$ cat structure-v6.txt   # compact mmCIF, C-alpha atoms
# COMPACT_ATOMS: atom_id res chain seq x y z
CA MET A 17 -17.51 14.38 -5.87
CA PRO A 18 -17.00 16.53 -9.00
CA THR A 19 -17.98 15.23 -12.43
CA THR A 20 -17.83 16.64 -15.93
CA ASP A 21 -19.94 19.69 -16.70
CA THR A 22 -21.58 18.82 -20.02
CA SER A 23 -23.12 22.21 -20.63
CA GLY A 24 -21.64 25.17 -22.46
CA PRO A 25 -17.91 25.78 -22.91
CA ALA A 26 -17.05 23.58 -19.94
CA ALA A 27 -18.02 20.58 -22.08
CA GLN A 28 -14.78 21.11 -24.04
CA ARG A 29 -12.64 20.97 -20.90
CA GLN A 30 -11.18 17.91 -19.27
CA THR A 31 -12.73 16.69 -16.06
CA PRO A 32 -10.47 17.32 -13.06
CA PHE A 33 -8.46 14.22 -12.26
CA LEU A 34 -9.40 13.05 -8.76
CA GLY A 35 -6.89 10.35 -7.83
CA LEU A 36 -7.66 7.65 -5.27
CA ALA A 37 -8.24 9.84 -2.20
CA PRO A 38 -11.87 10.97 -2.74
CA PHE A 39 -12.95 7.45 -3.71
CA LEU A 40 -11.31 5.98 -0.63
CA ARG A 41 -12.89 8.65 1.55
CA THR A 42 -16.31 7.89 0.06
CA SER A 43 -15.82 4.17 0.64
CA ILE A 44 -14.72 4.65 4.27
CA ALA A 45 -17.79 6.82 4.87
CA GLY A 46 -19.97 3.92 3.72
CA THR A 47 -21.37 5.78 0.72
CA ASP A 48 -22.42 3.64 -2.23
CA LEU A 49 -20.02 4.28 -5.09
CA ARG A 50 -22.22 2.61 -7.69
CA PRO A 51 -24.42 5.63 -8.54
CA ILE A 52 -21.28 7.78 -8.87
CA ALA A 53 -19.67 5.22 -11.19
CA GLN A 54 -22.86 4.97 -13.25
CA GLN A 55 -22.97 8.75 -13.67
CA MET A 56 -19.32 8.78 -14.73
CA LEU A 57 -19.93 5.97 -17.22
CA ALA A 58 -22.79 7.86 -18.83
CA LEU A 59 -20.64 10.98 -19.12
CA ALA A 60 -17.68 9.01 -20.50
CA GLU A 61 -19.82 7.63 -23.31
CA SER A 62 -20.59 11.18 -24.43
CA HIS A 63 -17.04 12.44 -23.74
CA PRO A 64 -14.80 9.72 -25.22
CA ASP A 65 -11.76 12.04 -25.37
CA ASP A 66 -11.84 13.00 -21.68
CA ALA A 67 -8.91 10.94 -20.37
CA ASN A 68 -9.27 12.27 -16.82
CA LEU A 69 -12.88 11.13 -16.72
CA TRP A 70 -11.91 7.67 -17.95
CA MET A 71 -9.20 7.41 -15.30
CA ASN A 72 -11.59 8.55 -12.57
CA LEU A 73 -14.10 5.96 -13.75
CA SER A 74 -11.39 3.30 -13.69
CA ILE A 75 -10.56 4.10 -10.07
CA ALA A 76 -14.26 3.97 -9.18
CA MET A 77 -14.64 0.55 -10.81
CA LEU A 78 -11.52 -0.82 -9.16
CA SER A 79 -12.78 0.51 -5.82
CA LEU A 80 -15.99 -1.45 -6.46
CA LYS A 81 -13.89 -4.62 -7.03
CA GLN A 82 -14.83 -4.62 -10.72
CA ARG A 83 -11.27 -5.46 -11.68
CA ASP A 84 -11.62 -6.50 -15.33
CA ILE A 85 -13.86 -3.55 -16.19
CA GLY A 86 -11.69 -1.15 -14.21
CA LEU A 87 -8.48 -2.25 -15.93
CA ALA A 88 -10.10 -2.05 -19.36
CA ILE A 89 -11.26 1.50 -18.66
CA GLN A 90 -7.82 2.35 -17.30
CA GLY A 91 -6.35 1.13 -20.58
CA GLU A 92 -8.68 3.48 -22.46
CA ALA A 93 -7.46 6.40 -20.36
CA LEU A 94 -3.78 5.51 -20.78
CA ALA A 95 -4.20 5.18 -24.53
CA GLN A 96 -5.01 8.90 -24.52
CA LYS A 97 -2.38 10.13 -22.05
CA ARG A 98 -0.07 8.80 -19.35
CA VAL A 99 0.38 11.81 -17.04
CA TYR A 100 -2.38 12.88 -14.61
CA HIS A 101 -2.08 16.07 -12.61
CA LEU A 102 -3.32 16.61 -9.04
CA PRO A 103 -2.84 20.27 -8.15
CA ALA A 104 -1.99 21.14 -4.56
CA ALA A 105 -4.97 22.16 -2.46
CA GLU A 106 -2.93 25.11 -1.21
CA GLN A 107 -1.77 27.32 -4.06
CA PRO A 108 0.76 28.36 -5.03
CA ALA A 109 2.28 24.93 -4.59
CA LYS A 110 5.52 24.73 -2.65
CA PHE A 111 6.77 21.50 -4.23
CA ARG A 112 6.26 19.46 -7.40
CA LEU A 113 6.46 15.70 -6.90
CA LEU A 114 6.59 13.32 -9.85
CA MET A 115 5.05 9.93 -8.98
CA LEU A 116 6.06 7.06 -11.27
CA MET A 117 3.16 4.60 -11.42
CA ALA A 118 2.45 1.24 -13.04
CA PRO A 119 -0.82 0.40 -14.80
CA GLY A 120 -2.89 -2.10 -12.85
CA ASP A 121 -4.76 -2.56 -9.58
CA LEU A 122 -5.12 0.12 -6.94
CA ALA A 123 -2.81 -1.80 -4.59
CA GLY A 124 -0.04 -1.80 -7.18
CA ASN A 125 1.32 1.68 -6.43
CA THR A 126 2.15 3.89 -3.46
CA PRO A 127 -1.00 6.00 -2.93
CA LEU A 128 0.73 9.21 -1.84
CA GLU A 129 -2.26 11.26 -2.95
CA CYS A 130 -4.03 9.89 0.14
CA LEU A 131 -1.22 10.87 2.52
CA LEU A 132 -0.71 14.27 0.87
CA GLU A 133 -4.37 15.18 0.50
CA TYR A 134 -5.04 18.90 1.17
CA SER A 135 -1.32 19.71 1.02
CA ASP A 136 0.75 22.38 -0.76
CA ILE A 137 2.43 19.79 -3.00
CA ASP A 138 1.60 19.37 -6.69
CA LEU A 139 1.45 15.72 -7.76
CA ASP A 140 1.93 14.35 -11.26
CA LEU A 141 1.05 10.68 -11.61
CA TYR A 142 3.11 9.35 -14.53
CA TYR A 143 2.05 5.87 -15.70
CA VAL A 144 5.11 4.20 -17.20
CA SER A 145 4.75 2.48 -20.57
CA PRO A 146 5.98 -1.04 -21.34
CA GLU A 147 8.25 -0.34 -24.31
CA ASN A 148 9.91 2.83 -23.05
CA PRO A 149 8.94 3.56 -19.43
CA LEU A 150 9.35 7.34 -19.70
CA ALA A 151 8.39 7.84 -23.34
CA SER A 152 5.96 10.71 -22.66
CA PRO A 153 7.25 14.23 -21.90
CA ILE A 154 8.38 14.56 -18.28
CA PRO A 155 6.56 17.23 -16.25
CA GLU A 156 8.68 19.75 -14.36
CA HIS A 157 9.37 18.39 -10.89
CA ASP A 158 11.51 18.88 -7.81
CA ALA A 159 11.81 15.19 -6.93
CA VAL A 160 10.64 11.85 -8.28
CA VAL A 161 9.25 8.95 -6.24
CA VAL A 162 9.05 5.42 -7.60
CA CYS A 163 5.58 4.26 -6.60
CA LEU A 164 5.49 0.96 -8.46
CA GLY A 165 4.79 -1.98 -6.20
CA GLU A 166 6.87 -5.13 -6.16
CA THR A 167 4.81 -7.42 -8.39
CA GLU A 168 5.71 -9.86 -11.12
CA GLN A 169 4.01 -7.57 -13.62
CA ASN A 170 6.14 -4.61 -12.51
CA LEU A 171 9.54 -6.32 -12.53
CA PRO A 172 10.36 -5.29 -16.13
CA TYR A 173 9.32 -1.71 -15.35
CA LEU A 174 11.49 -1.61 -12.24
CA ALA A 175 14.49 -3.01 -14.11
CA ALA A 176 14.13 -0.41 -16.86
CA LEU A 177 13.63 2.44 -14.39
CA GLU A 178 16.74 1.45 -12.44
CA VAL A 179 18.78 2.23 -15.55
CA VAL A 180 16.85 5.36 -16.51
CA LEU A 181 17.00 6.88 -13.02
CA ALA A 182 20.65 6.03 -12.32
CA ASN A 183 21.80 9.56 -13.10
CA TRP A 184 18.52 11.44 -12.74
CA PRO A 185 19.11 15.19 -12.25
CA LYS A 186 16.57 15.47 -9.42
CA PRO A 187 16.34 13.53 -6.12
CA VAL A 188 14.92 10.00 -6.48
CA ILE A 189 12.86 8.52 -3.63
CA ASN A 190 12.67 4.72 -3.31
CA ARG A 191 15.04 3.56 -6.01
CA PRO A 192 13.75 0.55 -7.99
CA LYS A 193 16.46 -1.90 -6.88
CA ASN A 194 15.46 -1.32 -3.25
CA ILE A 195 11.76 -1.90 -3.97
CA LEU A 196 12.57 -5.50 -4.88
CA ARG A 197 13.48 -6.11 -1.22
CA VAL A 198 9.87 -5.86 0.02
CA GLU A 199 8.81 -9.08 -1.73
CA ARG A 200 7.60 -11.37 1.06
CA ALA A 201 10.23 -14.09 0.79
CA ALA A 202 13.02 -11.60 0.10
CA ALA A 203 11.96 -9.40 3.02
CA SER A 204 11.82 -12.38 5.35
CA GLN A 205 15.36 -13.38 4.43
CA LEU A 206 16.57 -9.79 4.58
CA LEU A 207 15.26 -9.18 8.11
CA GLN A 208 16.55 -12.34 9.77
CA GLY A 209 19.08 -11.98 12.56
CA ILE A 210 18.02 -8.52 13.77
CA PRO A 211 17.97 -8.40 17.59
CA GLY A 212 14.48 -7.80 18.94
CA LEU A 213 12.80 -8.42 15.55
CA LEU A 214 10.89 -11.51 14.48
CA MET A 215 9.78 -12.07 10.91
CA PRO A 216 8.68 -15.64 10.21
CA PRO A 217 10.73 -17.37 7.49
CA THR A 218 8.69 -17.29 4.30
CA GLY A 219 9.09 -19.41 1.19
CA GLN A 220 7.54 -19.60 -2.26
CA ILE A 221 6.14 -23.03 -2.99
CA THR A 222 4.17 -24.65 -5.79
CA ARG A 223 0.72 -26.15 -5.75
CA ASN A 224 2.25 -29.54 -6.45
CA ASP A 225 4.43 -29.25 -3.34
CA LEU A 226 1.41 -28.40 -1.20
CA ASP A 227 -0.54 -31.29 -2.68
CA ALA A 228 2.35 -33.62 -1.84
CA VAL A 229 2.14 -32.52 1.81
CA ALA A 230 -1.63 -32.97 1.80
CA GLN A 231 -1.20 -36.51 0.43
CA GLY A 232 1.59 -37.39 2.86
CA ARG A 233 4.33 -37.65 0.22
CA LYS A 234 6.27 -34.70 1.67
CA LYS A 235 6.68 -33.00 5.01
CA LEU A 236 6.41 -29.24 5.63
CA ALA A 237 10.09 -29.20 6.61
CA ASP A 238 10.89 -30.41 3.08
CA LEU A 239 9.41 -27.17 1.75
CA LEU A 240 10.64 -24.73 4.41
CA THR A 241 13.35 -25.50 6.95
CA ASP A 242 12.02 -26.36 10.43
CA CYS A 243 8.46 -25.47 9.39
CA ALA A 244 5.62 -27.20 11.26
CA PHE A 245 1.89 -26.78 11.70
CA PRO A 246 0.13 -24.42 12.15
CA ILE A 247 1.11 -22.53 9.00
CA ILE A 248 -0.03 -19.54 6.98
CA LEU A 249 -0.78 -19.91 3.27
CA ARG A 250 -1.54 -17.21 0.74
CA PRO A 251 -1.25 -17.04 -3.07
CA LEU A 252 1.55 -15.03 -4.64
CA GLY A 253 0.30 -11.53 -5.37
CA SER A 254 -2.43 -11.75 -2.74
CA HIS A 255 -3.27 -8.53 -0.88
CA ALA A 256 -5.70 -7.49 1.86
CA GLY A 257 -6.03 -11.03 3.17
CA ARG A 258 -7.34 -12.55 -0.06
CA ASP A 259 -7.18 -16.35 0.33
CA LEU A 260 -4.96 -15.97 3.39
CA GLU A 261 -5.59 -18.92 5.70
CA LYS A 262 -4.20 -20.49 8.84
CA ILE A 263 -3.77 -24.22 8.26
CA ASP A 264 -3.48 -26.78 11.05
CA SER A 265 -3.14 -30.10 9.23
CA PRO A 266 -2.47 -31.83 5.87
CA ALA A 267 -6.21 -32.40 5.52
CA GLU A 268 -6.80 -28.64 5.75
CA ILE A 269 -4.23 -28.11 3.00
CA ALA A 270 -6.27 -30.41 0.76
CA GLY A 271 -9.42 -28.43 1.51
CA TYR A 272 -7.62 -25.15 0.90
CA LEU A 273 -6.41 -26.31 -2.52
CA GLN A 274 -9.95 -27.26 -3.47
CA GLN A 275 -11.03 -23.67 -2.83
CA VAL A 276 -8.00 -21.77 -4.18
CA GLY A 277 -6.84 -22.37 -7.73
CA GLU A 278 -3.51 -20.50 -7.90
CA ALA A 279 -0.32 -22.29 -8.90
CA SER A 280 2.12 -20.71 -6.40
CA PHE A 281 1.90 -19.70 -2.76
CA PHE A 282 3.75 -18.16 0.15
CA LEU A 283 4.26 -20.49 3.11
CA ALA A 284 5.19 -19.31 6.61
CA PRO A 285 4.81 -20.66 10.13
CA PHE A 286 1.97 -19.13 12.15
CA ILE A 287 3.09 -17.05 15.12
CA ASP A 288 0.50 -16.72 17.87
CA TYR A 289 0.70 -13.06 18.85
CA SER A 290 -2.44 -12.91 20.98
CA ALA A 291 -2.23 -11.11 24.31
CA ARG A 292 -3.27 -12.47 27.70
CA ASP A 293 -6.82 -11.30 27.06
CA GLY A 294 -6.95 -13.41 23.89
CA LEU A 295 -7.12 -10.41 21.57
CA TYR A 296 -4.82 -9.63 18.67
CA ARG A 297 -3.29 -6.18 18.16
CA LYS A 298 -1.85 -5.19 14.81
CA PHE A 299 -0.36 -1.82 13.91
CA ARG A 300 0.86 0.03 10.85
CA VAL A 301 3.99 2.14 11.14
CA ALA A 302 5.48 4.43 8.50
CA LEU A 303 9.24 4.86 8.20
CA ILE A 304 10.10 8.20 6.60
CA ASP A 305 13.78 8.84 6.06
CA GLY A 306 14.47 6.48 8.95
CA ARG A 307 11.96 8.00 11.41
CA ALA A 308 8.98 5.97 12.66
CA PHE A 309 5.39 7.25 12.83
CA ALA A 310 2.18 5.57 13.98
CA CYS A 311 -0.49 5.20 11.30
CA HIS A 312 -3.07 3.02 13.03
CA MET A 313 -3.55 0.15 15.45
CA ALA A 314 -6.43 -2.33 15.38
CA VAL A 315 -7.66 -4.73 18.07
CA SER A 316 -9.46 -7.88 16.99
CA GLU A 317 -10.78 -11.19 18.26
CA HIS A 318 -9.42 -12.86 15.09
CA TRP A 319 -5.77 -13.51 14.25
CA MET A 320 -6.19 -12.01 10.76
CA VAL A 321 -6.65 -8.37 11.63
CA HIS A 322 -8.01 -5.86 9.14
CA TYR A 323 -8.83 -2.40 10.40
CA VAL A 324 -12.15 -2.19 8.57
CA ASN A 325 -13.56 -5.37 10.11
CA ALA A 326 -11.82 -5.42 13.50
CA GLY A 327 -14.70 -3.62 15.21
CA MET A 328 -12.83 -0.32 15.62
CA TYR A 329 -15.84 1.67 14.42
CA GLU A 330 -18.20 -0.08 16.83
CA ASP A 331 -16.10 -0.40 19.99
CA ALA A 332 -15.07 2.69 21.95
CA ALA A 333 -12.70 0.63 24.13
CA LYS A 334 -10.76 -0.48 21.06
CA ARG A 335 -10.51 3.10 19.86
CA ALA A 336 -9.23 4.10 23.30
CA GLU A 337 -6.46 1.52 22.91
CA GLU A 338 -5.53 2.94 19.53
CA LEU A 339 -5.47 6.43 21.01
CA SER A 340 -3.12 5.23 23.74
CA PHE A 341 -0.88 3.52 21.17
CA MET A 342 -0.60 6.75 19.18
CA GLU A 343 -0.13 9.01 22.19
CA HIS A 344 2.63 6.81 23.61
CA PHE A 345 4.22 5.92 20.29
CA ALA A 346 7.48 7.68 21.20
CA ALA A 347 8.08 5.02 23.83
CA PHE A 348 7.27 2.29 21.30
CA ALA A 349 9.66 3.82 18.76
CA GLU A 350 12.40 4.03 21.37
CA ARG A 351 11.80 0.47 22.55
CA HIS A 352 12.07 -0.90 19.02
CA GLY A 353 14.42 1.77 17.71
CA PRO A 354 17.33 -0.52 16.74
CA ALA A 355 15.01 -2.94 14.94
CA LEU A 356 13.21 -0.15 13.08
CA ALA A 357 16.54 1.41 12.09
CA ALA A 358 17.74 -1.96 10.80
CA ILE A 359 14.64 -2.30 8.60
CA GLN A 360 15.31 1.05 6.96
CA GLN A 361 19.03 0.38 6.58
CA ARG A 362 18.61 -3.09 5.10
CA THR A 363 15.87 -2.10 2.66
CA GLY A 364 17.44 1.20 1.65
CA LEU A 365 13.97 2.64 1.13
CA ASP A 366 13.31 6.28 1.98
CA TYR A 367 9.61 5.65 2.58
CA LEU A 368 8.00 2.38 3.55
CA CYS A 369 5.43 0.99 5.94
CA LEU A 370 5.28 -2.09 8.07
CA ASP A 371 2.40 -4.07 9.47
CA GLY A 372 3.27 -5.83 12.69
CA ALA A 373 2.62 -6.61 16.32
CA GLU A 374 4.45 -7.19 19.57
CA THR A 375 4.98 -10.73 20.82
CA ALA A 376 4.45 -11.79 24.42
CA ASP A 377 8.20 -11.59 25.03
CA GLY A 378 8.39 -8.05 23.63
CA GLN A 379 9.77 -8.67 20.15
CA LEU A 380 8.71 -6.63 17.14
CA LEU A 381 6.80 -9.12 14.97
CA ILE A 382 6.75 -8.14 11.29
CA PHE A 383 4.00 -9.42 9.01
CA GLU A 384 4.85 -7.36 5.94
CA ILE A 385 6.93 -4.42 4.78
CA ASP A 386 5.87 -2.42 1.75
CA HIS A 387 6.02 1.09 0.35
CA ALA A 388 2.59 0.74 -1.28
CA MET A 389 0.41 0.52 1.83
CA VAL A 390 -2.38 3.06 2.23
CA VAL A 391 -1.76 5.78 4.82
CA HIS A 392 -4.55 8.31 5.31
CA ALA A 393 -6.49 10.50 7.73
CA MET A 394 -9.98 9.81 6.39
CA ASP A 395 -11.67 8.06 9.30
CA PRO A 396 -14.67 10.03 10.64
CA GLU A 397 -13.54 12.62 13.17
CA GLU A 398 -16.55 12.12 15.42
CA LEU A 399 -15.35 8.56 16.10
CA PHE A 400 -11.60 9.10 15.74
CA PRO A 401 -10.91 12.68 16.89
CA TYR A 402 -7.28 11.78 17.69
CA LYS A 403 -6.44 10.59 14.18
CA GLN A 404 -6.08 14.03 12.59
CA LEU A 405 -3.37 15.16 15.00
CA HIS A 406 -1.29 12.00 14.70
CA MET A 407 -1.70 11.59 10.95
CA LEU A 408 -0.66 15.22 10.53
CA LYS A 409 2.68 14.15 12.02
CA VAL A 410 3.09 11.59 9.22
CA LYS A 411 2.06 14.05 6.53
CA SER A 412 4.35 16.78 7.91
CA ALA A 413 7.26 14.36 8.18
CA PHE A 414 6.95 13.39 4.52
CA ARG A 415 6.65 17.04 3.50
CA ASP A 416 9.72 17.95 5.57
CA PHE A 417 11.61 15.06 3.98
CA LEU A 418 10.83 16.45 0.52
CA PHE A 419 12.14 19.88 1.46
CA ARG A 420 15.33 18.35 2.86
CA LEU A 421 15.86 16.69 -0.50
CA ALA A 422 15.37 19.95 -2.36
CA PRO A 423 15.91 22.71 0.24
CA ASN A 424 15.61 25.55 -2.25
CA MET A 425 11.94 24.62 -2.77
CA ALA A 426 11.09 25.64 0.80
CA ARG A 427 11.84 29.25 -0.11
CA ARG A 428 9.20 29.52 -2.81
$ encode --input "structure-v6.txt" --output "structure tokens"
Amino acid sequence: MPTTDTSGPAAQRQTPFLGLAPFLRTSIAGTDLRPIAQQMLALAESHPDDANLWMNLSIAMLSLKQRDIGLAIQGEALAQKRVYHLPAAEQPAKFRLLMLMAPGDLAGNTPLECLLEYSDIDLDLYYVSPENPLASPIPEHDAVVVCLGETEQNLPYLAALEVVLANWPKPVINRPKNILRVERAAASQLLQGIPGLLMPPTGQITRNDLDAVAQGRKKLADLLTDCAFPIILRPLGSHAGRDLEKIDSPAEIAGYLQQVGEASFFLAPFIDYSARDGLYRKFRVALIDGRAFACHMAVSEHWMVHYVNAGMYEDAAKRAEELSFMEHFAAFAERHGPALAAIQQRTGLDYLCLDGAETADGQLLIFEIDHAMVVHAMDPEELFPYKQLHMLKVKSAFRDFLFRLAPNMARR
């Protein structure tokens, strides 16, 4: 991973901005990021004006779950500049994509630099500012994509960008008003009534409401219509399964509240999606301009499936299942075609992902829709030789979508 050259004339140059992709690749490979972060920190102390180095260090710290330190370092970088350039791996670049980003955690923005790694597309990551979101000079671009995630922190940014981008002279991908539709409760309401699709009704509730259920003063149905145990609870703003729990009784709610201190939560009924063999299968699908593409599929003994801890790296049989899912994805996409089309139509998003499963009766079960999920082809090829081919389909589809938006760019 490149770092600043502190010798000779190169010491006066900015470190190349790296983006998330190399840090994610290093993490997936199991390499310890701490020595890399320590080296960057030492260099940053002697190169205080190197904004790219500070931003790289911020990403490293956030990747190490050092949130407070990472955000403070990110603030140092953004105080110096708000636009970070990732040149295309293949030069000359065929397309210039402007990515509008929000300051904050790594999960707070669409990480397109991971999907478009090693491409012929120049990326400019523009971190919007609170007072005037696009106060800094705008880099030349062929299209703009709104990468900001739907979070409470980002709502003012999204509202301001909706006005600013209303008459933007270049194509706009994922308009801000549509991003609001991926919020868990909003998405659940939006996707009700679609034939062949099941998304559990989801509601926002307060800690006091949950405590009332735990103490017997309220029933679950008082909080969410027709809701009954077992349920799923997670704090607002929770990602990657943080404090996500399946709860079977009022007593378990009381125990949960003792462990989790947040004030507001998402409540949803638990849907048992296990197969006859008792295993759970969860997939990620990307929708690009209305077309569906397989990103991954994990098999797990536990209902809360995360790819990194589902045993995919250790179990060849599970990888064979994922290979089959990807190779036969056309049949899956045809089977669920109307439901997938309805998701794209109702959200209005040009690019989004969904995490889901299939129920025993063949419905498409949706856990979450979001445009900020990570899509990549970084798993080790010796274990996942099939991933490169199928992820290339996703990457090519997004590239083709860009050129359809700005067809004159394809002739460069």
$ residues_around --input "structure-v6.txt" --residues "region 203-205 of chain A" --least-positions-apart "4" --cutoff "8 Å" --atoms "all atoms listed in the file" --output "ChimeraX atom specification"
/A:197-199,215-218,384-385
$ closest_residue --input "structure-v6.txt" --among "A:Gly277, A:Gly353, A:Pro146, A:Gly120" --to "Ala308 (chain A)" --atoms "only C-alpha atoms"
A:Gly353
$ closest_atom_pairs --input "structure-v6.txt" --of "region 124-232 of chain A" --to "region 237-243 of chain A" --cutoff "12 Å" --atoms "all atoms listed in the file" --output "JSON lines"
{"residue": "A:Ala201", "atom": "CA", "partner": "A:Leu240", "partner_atom": "CA", "distance": 11.2}
{"residue": "A:Pro216", "atom": "CA", "partner": "A:Cys243", "partner_atom": "CA", "distance": 9.9}
{"residue": "A:Pro217", "atom": "CA", "partner": "A:Leu240", "partner_atom": "CA", "distance": 8.0}
{"residue": "A:Thr218", "atom": "CA", "partner": "A:Leu240", "partner_atom": "CA", "distance": 7.7}
{"residue": "A:Gly219", "atom": "CA", "partner": "A:Leu240", "partner_atom": "CA", "distance": 6.4}
{"residue": "A:Gln220", "atom": "CA", "partner": "A:Leu239", "partner_atom": "CA", "distance": 8.8}
{"residue": "A:Ile221", "atom": "CA", "partner": "A:Leu239", "partner_atom": "CA", "distance": 7.1}
{"residue": "A:Thr222", "atom": "CA", "partner": "A:Leu239", "partner_atom": "CA", "distance": 9.5}
{"residue": "A:Arg223", "atom": "CA", "partner": "A:Leu239", "partner_atom": "CA", "distance": 11.5}
{"residue": "A:Asn224", "atom": "CA", "partner": "A:Leu239", "partner_atom": "CA", "distance": 11.1}
{"residue": "A:Asp225", "atom": "CA", "partner": "A:Leu239", "partner_atom": "CA", "distance": 7.4}
{"residue": "A:Leu226", "atom": "CA", "partner": "A:Leu239", "partner_atom": "CA", "distance": 8.6}
{"residue": "A:Asp227", "atom": "CA", "partner": "A:Leu239", "partner_atom": "CA", "distance": 11.6}
{"residue": "A:Ala228", "atom": "CA", "partner": "A:Leu239", "partner_atom": "CA", "distance": 10.2}
{"residue": "A:Val229", "atom": "CA", "partner": "A:Leu239", "partner_atom": "CA", "distance": 9.0}
{"residue": "A:Gly232", "atom": "CA", "partner": "A:Asp238", "partner_atom": "CA", "distance": 11.6}
$ write_last_selection --input "structure-v6.txt" --atoms "C-alpha atoms" --output "compact mmCIF listing (two decimals), in the coordinates of the input"
# COMPACT_ATOMS: atom_id res chain seq x y z
CA ALA A 201 10.23 -14.09 0.79
CA PRO A 216 8.68 -15.64 10.21
CA PRO A 217 10.73 -17.37 7.49
CA THR A 218 8.69 -17.29 4.30
CA GLY A 219 9.09 -19.41 1.19
CA GLN A 220 7.54 -19.60 -2.26
CA ILE A 221 6.14 -23.03 -2.99
CA THR A 222 4.17 -24.65 -5.79
CA ARG A 223 0.72 -26.15 -5.75
CA ASN A 224 2.25 -29.54 -6.45
CA ASP A 225 4.43 -29.25 -3.34
CA LEU A 226 1.41 -28.40 -1.20
CA ASP A 227 -0.54 -31.29 -2.68
CA ALA A 228 2.35 -33.62 -1.84
CA VAL A 229 2.14 -32.52 1.81
CA GLY A 232 1.59 -37.39 2.86
$ closest_residue --input "structure-v6.txt" --among "A:Gly212, A:Gly165, A:Gly253, A:Pro192" --to "Thr363 (chain A)" --atoms "all atoms listed in the file"
A:Pro192
$ atom_distance --input "structure-v6.txt" --atom1 "CA of Ala37 (chain A)" --atom2 "CA of Glu133 (chain A)"
7.1 Å
$ residues_around --input "structure-v6.txt" --residues "Ala357 (chain A)" --least-positions-apart "6" --cutoff "9 Å" --atoms "only C-alpha atoms" --output "PyMOL selection string"
chain A and resi 303+306-308
$ closest_residue --input "structure-v6.txt" --among "A:Lys403, A:Arg420, A:Lys81, A:Lys110" --to "Ala310 (chain A)" --atoms "all atoms listed in the file"
A:Lys403
$ closest_residue --input "structure-v6.txt" --among "A:Asp395, A:Glu168, A:Asp416, A:Asp259" --to "Leu40 (chain A)" --atoms "all atoms listed in the file"
A:Asp395
$ build_atoms --input "structure-v6.txt" --residues "region 114-126 of chain A" --atoms "N, CA and C atoms" --output "CSV table (one decimal), keeping the file's coordinate frame"
chain,number,residue,atom,x,y,z
A,114,LEU,N,6.9,14.2,-8.7
A,114,LEU,CA,6.6,13.3,-9.8
A,114,LEU,C,6.5,11.9,-9.3
A,115,MET,N,5.3,11.3,-9.5
A,115,MET,CA,5.0,9.9,-9.0
A,115,MET,C,5.0,9.0,-10.2
A,116,LEU,N,6.0,8.1,-10.2
A,116,LEU,CA,6.1,7.1,-11.3
A,116,LEU,C,5.2,5.9,-10.9
A,117,MET,N,4.2,5.6,-11.7
A,117,MET,CA,3.2,4.6,-11.4
A,117,MET,C,3.2,3.5,-12.5
A,118,ALA,N,2.6,2.3,-12.1
A,118,ALA,CA,2.4,1.2,-13.0
A,118,ALA,C,1.0,1.1,-13.3
A,119,PRO,N,0.6,0.8,-14.5
A,119,PRO,CA,-0.8,0.4,-14.8
A,119,PRO,C,-1.2,-0.8,-14.0
A,120,GLY,N,-2.5,-0.9,-13.6
A,120,GLY,CA,-2.9,-2.1,-12.8
A,120,GLY,C,-3.8,-1.8,-11.7
A,121,ASP,N,-3.9,-2.7,-10.7
A,121,ASP,CA,-4.8,-2.6,-9.6
A,121,ASP,C,-4.4,-1.4,-8.7
A,122,LEU,N,-5.3,-1.0,-7.9
A,122,LEU,CA,-5.1,0.1,-6.9
A,122,LEU,C,-4.0,-0.2,-6.0
A,123,ALA,N,-3.8,-1.4,-5.6
A,123,ALA,CA,-2.8,-1.8,-4.6
A,123,ALA,C,-1.4,-1.9,-5.2
A,124,GLY,N,-1.3,-1.6,-6.5
A,124,GLY,CA,0.0,-1.8,-7.2
A,124,GLY,C,0.9,-0.6,-7.1
A,125,ASN,N,0.5,0.5,-6.5
A,125,ASN,CA,1.3,1.7,-6.4
A,125,ASN,C,1.2,2.3,-5.1
A,126,THR,N,2.2,3.1,-4.7
A,126,THR,CA,2.2,3.9,-3.5
A,126,THR,C,1.1,5.0,-3.6
